[in-house]
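Trainee: So that you have it, the file is run.cif, and it contains mmCIF, C-alpha atoms:
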```
data_work
#
loop_
_atom_site.label_atom_id
_atom_site.label_comp_id
_atom_site.auth_asym_id
_atom_site.auth_seq_id
_atom_site.Cartn_x
_atom_site.Cartn_y
_atom_site.Cartn_z
CA MET A 841 -22.63 54.87 -63.96
CA ASP A 842 -20.23 52.49 -65.59
CA ALA A 843 -18.24 50.99 -62.74
CA ARG A 844 -16.41 47.89 -63.93
CA SER A 845 -14.38 45.24 -62.14
CA GLU A 846 -12.40 42.54 -63.89
CA SER A 847 -10.45 39.62 -62.55
CA GLU A 848 -8.41 36.78 -63.95
CA THR A 849 -8.63 34.32 -61.09
CA THR A 850 -8.05 30.92 -62.63
CA PRO A 851 -5.39 29.28 -64.76
CA MET A 852 -7.94 29.20 -67.61
CA LYS A 853 -7.84 33.02 -67.75
CA ASN A 854 -11.61 33.37 -67.77
CA ARG A 855 -12.50 36.94 -66.92
CA THR A 856 -15.44 38.01 -64.79
CA THR A 857 -16.73 41.45 -65.72
CA VAL A 858 -19.04 43.29 -63.32
CA GLU A 859 -20.77 46.40 -64.59
CA ARG A 860 -23.35 48.68 -63.03
CA THR A 861 -25.41 49.43 -66.14
CA SER A 862 -27.99 51.73 -64.53
CA GLU A 863 -29.05 53.02 -61.12
CA ARG A 864 -30.87 49.73 -60.49
CA GLU A 865 -28.99 47.06 -62.47
CA LEU A 866 -25.77 45.12 -62.14
CA VAL A 867 -24.57 42.85 -64.98
CA VAL A 868 -21.95 40.14 -64.56
CA THR A 869 -20.44 38.41 -67.61
CA ARG A 870 -18.19 35.36 -67.67
CA THR A 871 -17.17 32.67 -70.16
CA PHE A 872 -16.86 29.18 -68.70
CA ASN A 873 -14.97 26.22 -70.12
CA GLY A 874 -17.74 23.72 -70.72
CA PRO A 875 -21.04 23.38 -72.57
CA ALA A 876 -24.13 25.26 -71.41
CA ARG A 877 -25.89 22.07 -70.31
CA ILE A 878 -23.15 21.32 -67.75
CA VAL A 879 -22.90 24.93 -66.54
CA PHE A 880 -26.72 25.02 -66.21
CA GLU A 881 -26.65 21.76 -64.22
CA ALA A 882 -24.11 23.31 -61.84
CA TRP A 883 -26.62 26.14 -61.21
CA THR A 884 -29.69 23.90 -60.82
CA THR A 885 -28.51 20.73 -59.05
CA PRO A 886 -28.25 21.32 -55.28
CA GLU A 887 -25.36 18.86 -54.82
CA LEU A 888 -23.33 20.73 -57.46
CA PHE A 889 -24.48 24.24 -56.54
CA ARG A 890 -23.35 23.93 -52.93
CA GLN A 891 -19.84 22.96 -54.11
CA TRP A 892 -19.14 26.33 -55.74
CA TRP A 893 -21.66 29.01 -54.83
CA LEU A 894 -20.50 30.24 -51.41
CA PRO A 895 -17.11 32.02 -51.52
CA LYS A 896 -14.60 30.05 -49.46
CA SER A 897 -13.12 33.31 -48.14
CA VAL A 898 -16.27 34.25 -46.17
CA GLY A 899 -15.74 31.48 -43.62
CA MET A 900 -19.38 30.39 -43.65
CA VAL A 901 -20.97 27.06 -44.51
CA LEU A 902 -24.01 26.50 -46.70
CA ARG A 903 -25.98 24.44 -44.17
CA SER A 904 -28.88 23.69 -46.50
CA CYS A 905 -29.63 24.13 -50.18
CA GLU A 906 -33.23 23.52 -51.21
CA MET A 907 -34.00 24.10 -54.90
CA ASP A 908 -37.25 23.29 -56.70
CA VAL A 909 -36.01 24.48 -60.10
CA ARG A 910 -39.21 25.04 -62.10
CA ALA A 911 -41.37 28.08 -62.79
CA GLY A 912 -43.17 28.76 -59.51
CA GLY A 913 -40.73 26.59 -57.54
CA GLN A 914 -38.97 27.90 -54.45
CA TYR A 915 -35.37 27.96 -53.30
CA ARG A 916 -33.86 28.49 -49.86
CA LEU A 917 -30.17 28.67 -48.94
CA ALA A 918 -29.34 28.70 -45.21
CA PHE A 919 -25.92 29.50 -43.77
CA GLU A 920 -23.91 28.78 -40.64
CA PRO A 921 -22.84 30.13 -38.26
CA ASP A 922 -25.11 33.21 -38.46
CA GLY A 923 -28.38 31.59 -39.60
CA MET A 924 -28.73 33.97 -42.54
CA ALA A 925 -30.87 32.70 -45.43
CA PHE A 926 -31.47 33.59 -49.07
CA PHE A 927 -34.81 32.57 -50.54
CA GLY A 928 -37.14 33.26 -53.42
CA THR A 929 -39.15 31.92 -56.32
CA TYR A 930 -38.13 30.74 -59.78
CA LEU A 931 -40.07 32.77 -62.34
CA GLU A 932 -38.65 31.17 -65.48
CA VAL A 933 -36.65 28.01 -66.11
CA THR A 934 -35.57 27.24 -69.68
CA PRO A 935 -33.22 24.24 -69.51
CA HIS A 936 -29.65 24.96 -70.48
CA SER A 937 -30.34 28.56 -71.49
CA ARG A 938 -32.14 30.76 -68.92
CA LEU A 939 -33.04 31.09 -65.24
CA VAL A 940 -35.01 33.92 -63.62
CA TRP A 941 -35.71 34.11 -59.88
CA THR A 942 -36.71 36.53 -57.16
CA ASN A 943 -34.55 37.33 -54.15
CA GLU A 944 -37.15 37.80 -51.43
CA GLU A 945 -35.03 38.05 -48.29
CA GLY A 946 -34.82 41.82 -48.81
CA GLY A 947 -38.59 42.26 -48.63
CA GLU A 948 -39.65 45.17 -50.81
CA ASP A 949 -35.99 45.82 -51.60
CA GLY A 950 -35.52 42.36 -53.10
CA SER A 951 -34.07 41.93 -56.56
CA VAL A 952 -34.76 39.78 -59.59
CA THR A 953 -31.90 37.75 -61.03
CA THR A 954 -31.76 36.60 -64.65
CA VAL A 955 -28.98 34.26 -65.80
CA THR A 956 -28.51 33.29 -69.44
CA PHE A 957 -26.30 30.44 -70.68
CA GLU A 958 -25.17 30.64 -74.32
CA ASP A 959 -23.21 27.85 -76.00
CA LYS A 960 -20.06 29.13 -77.69
CA GLY A 961 -18.53 25.94 -79.07
CA ASP A 962 -17.15 24.04 -76.08
CA LYS A 963 -17.59 27.12 -73.85
CA THR A 964 -20.53 28.90 -72.27
CA LEU A 965 -21.12 32.65 -72.17
CA LEU A 966 -22.96 33.37 -68.94
CA VAL A 967 -24.62 36.73 -68.33
CA LEU A 968 -26.15 37.46 -64.92
CA HIS A 969 -28.46 40.49 -64.48
CA GLU A 970 -29.44 41.70 -61.01
CA LEU A 971 -32.35 44.17 -61.16
CA TYR A 972 -33.02 45.94 -57.87
CA SER A 973 -36.19 47.76 -56.82
CA SER A 974 -34.36 51.07 -56.41
CA LYS A 975 -30.98 52.76 -56.61
CA GLU A 976 -30.86 52.65 -52.82
CA ALA A 977 -31.38 48.87 -52.77
CA LEU A 978 -28.48 48.36 -55.21
CA ASP A 979 -26.33 50.80 -53.23
CA ALA A 980 -27.13 48.83 -50.05
CA ALA A 981 -26.05 45.58 -51.74
CA GLY A 982 -22.70 47.28 -52.33
CA THR A 983 -19.72 45.78 -54.08
CA GLY A 984 -19.45 42.82 -51.71
CA ALA A 985 -21.80 40.73 -53.83
CA ALA A 986 -19.82 41.58 -56.98
CA ASP A 987 -16.56 40.65 -55.29
CA ALA A 988 -18.09 37.38 -54.07
CA THR A 989 -19.28 36.59 -57.61
CA VAL A 990 -15.73 36.80 -58.94
CA GLU A 991 -14.61 34.26 -56.33
CA THR A 992 -17.60 31.94 -56.75
CA PHE A 993 -17.21 31.91 -60.53
CA ALA A 994 -13.57 30.86 -60.10
CA GLN A 995 -14.82 28.05 -57.85
CA LEU A 996 -17.37 27.10 -60.53
CA ASP A 997 -14.50 26.91 -63.04
CA GLU A 998 -12.78 24.39 -60.76
CA LEU A 999 -15.95 22.32 -60.45
CA LEU A 1000 -16.46 22.33 -64.23
CA LEU A 1001 -12.98 20.86 -64.67
CA THR A 1002 -14.01 18.00 -62.39
CA LEU A 1003 -17.34 17.53 -64.16
CA GLY A 1004 -15.62 17.55 -67.57
CA ALA A 1005 -13.21 14.84 -66.40
CA SER A 1006 -16.05 12.73 -65.02
CA THR A 1007 -18.02 12.96 -68.27
CA GLY A 1008 -15.09 11.96 -70.45
CA ARG A 1009 -14.41 15.44 -71.80
#
```
How would this structure read if it were set down as structure tokens?
Mentor:
Amino acid sequence: MDARSESETTPMKNRTTVERTSERELVVTRTFNGPARIVFEAWTTPELFRQWWLPKSVGMVLRSCEMDVRAGGQYRLAFEPDGMAFFGTYLEVTPHSRLVWTNEEGGEDGSVTTVTFEDKGDKTLLVLHELYSSKEALDAAGTGAADATVETFAQLDELLLTLGASTGR
């Protein structure tokens, strides 16, 4: 069960690797140009998150982005035009190094996401784990989410360039 997808989508040649590591788990790995504290901020600050997270190609708008980024805090992302929403609870928040949250919109088939941020000099190694309740739940999620991740991570790269310029880097 080792299905991999790689893409070089930005001029910085950062590669997003998506791997199904078991019947229930998907792992996405990417190196970003910028320190972990800035990459972490882009994941935890609503004003920054909404600039990169939704793939531009889907033709939807992130209507609202509510994030109470602390253990036990909630998040809710609502979209237009279809009214779809993603929501869940932060289980663990370790500034600049780790986020864990539930994805509750799937009910019993929801997943748990863990993202780690590791400083590698002036870069950040990001590893995202999606653990689903069953093989069927991961199968139902399909490859669309993996494809979207490749695009959103390229958009995050673009944002990080802007943030680096605004912080004097």
Trainee: Which of these residues is nearest to Leu999 in chain A, using all atoms listed in the file: A:Glu887, A:Glu932, A:Glu859, A:Glu865?
Mentor: A:Glu887
Trainee: Using 10 Å as the limit and counting all atoms listed in the file, can you tabulate each residue of range 877-915 of chain A that touches range 939-963 of chain A, with its shortest atom-to-atom distance in Å and the two atoms involved, as a tab-separated table?
Mentor:
```
residue	atom	partner	partner_atom	distance
A:Arg877	CA	A:Phe957	CA	8.4
A:Val879	CA	A:Phe957	CA	7.7
A:Phe880	CA	A:Phe957	CA	7.0
A:Trp883	CA	A:Leu939	CA	9.1
A:Thr884	CA	A:Leu939	CA	9.1
A:Val909	CA	A:Leu939	CA	8.9
A:Arg910	CA	A:Leu939	CA	9.2
A:Ala911	CA	A:Val940	CA	8.7
A:Gly912	CA	A:Trp941	CA	9.2
A:Gly913	CA	A:Trp941	CA	9.3
A:Gln914	CA	A:Trp941	CA	8.9
A:Tyr915	CA	A:Trp941	CA	9.0
```
Trainee: On this structure, the PyMOL selection byres ((chain A and resi 882) around 12) would catch which residues? List them as a count of residues only, sorted by chain and number.
Mentor: 35
Trainee: In Å, how far is it from CA of Gly923 in chain A to CA of Ser974 in chain A?
Mentor: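 One can read the CA of Gly923 in chain A to CA of Ser974 in chain A distance as 26.4 Å.
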Trainee: For a test of reading the model, state the distance in Å between CA of Arg855 in chain A and CA of Ala994 in chain A, rounded to one decimal.
Mentor: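 Between these atoms lies a distance of 9.2 Å.
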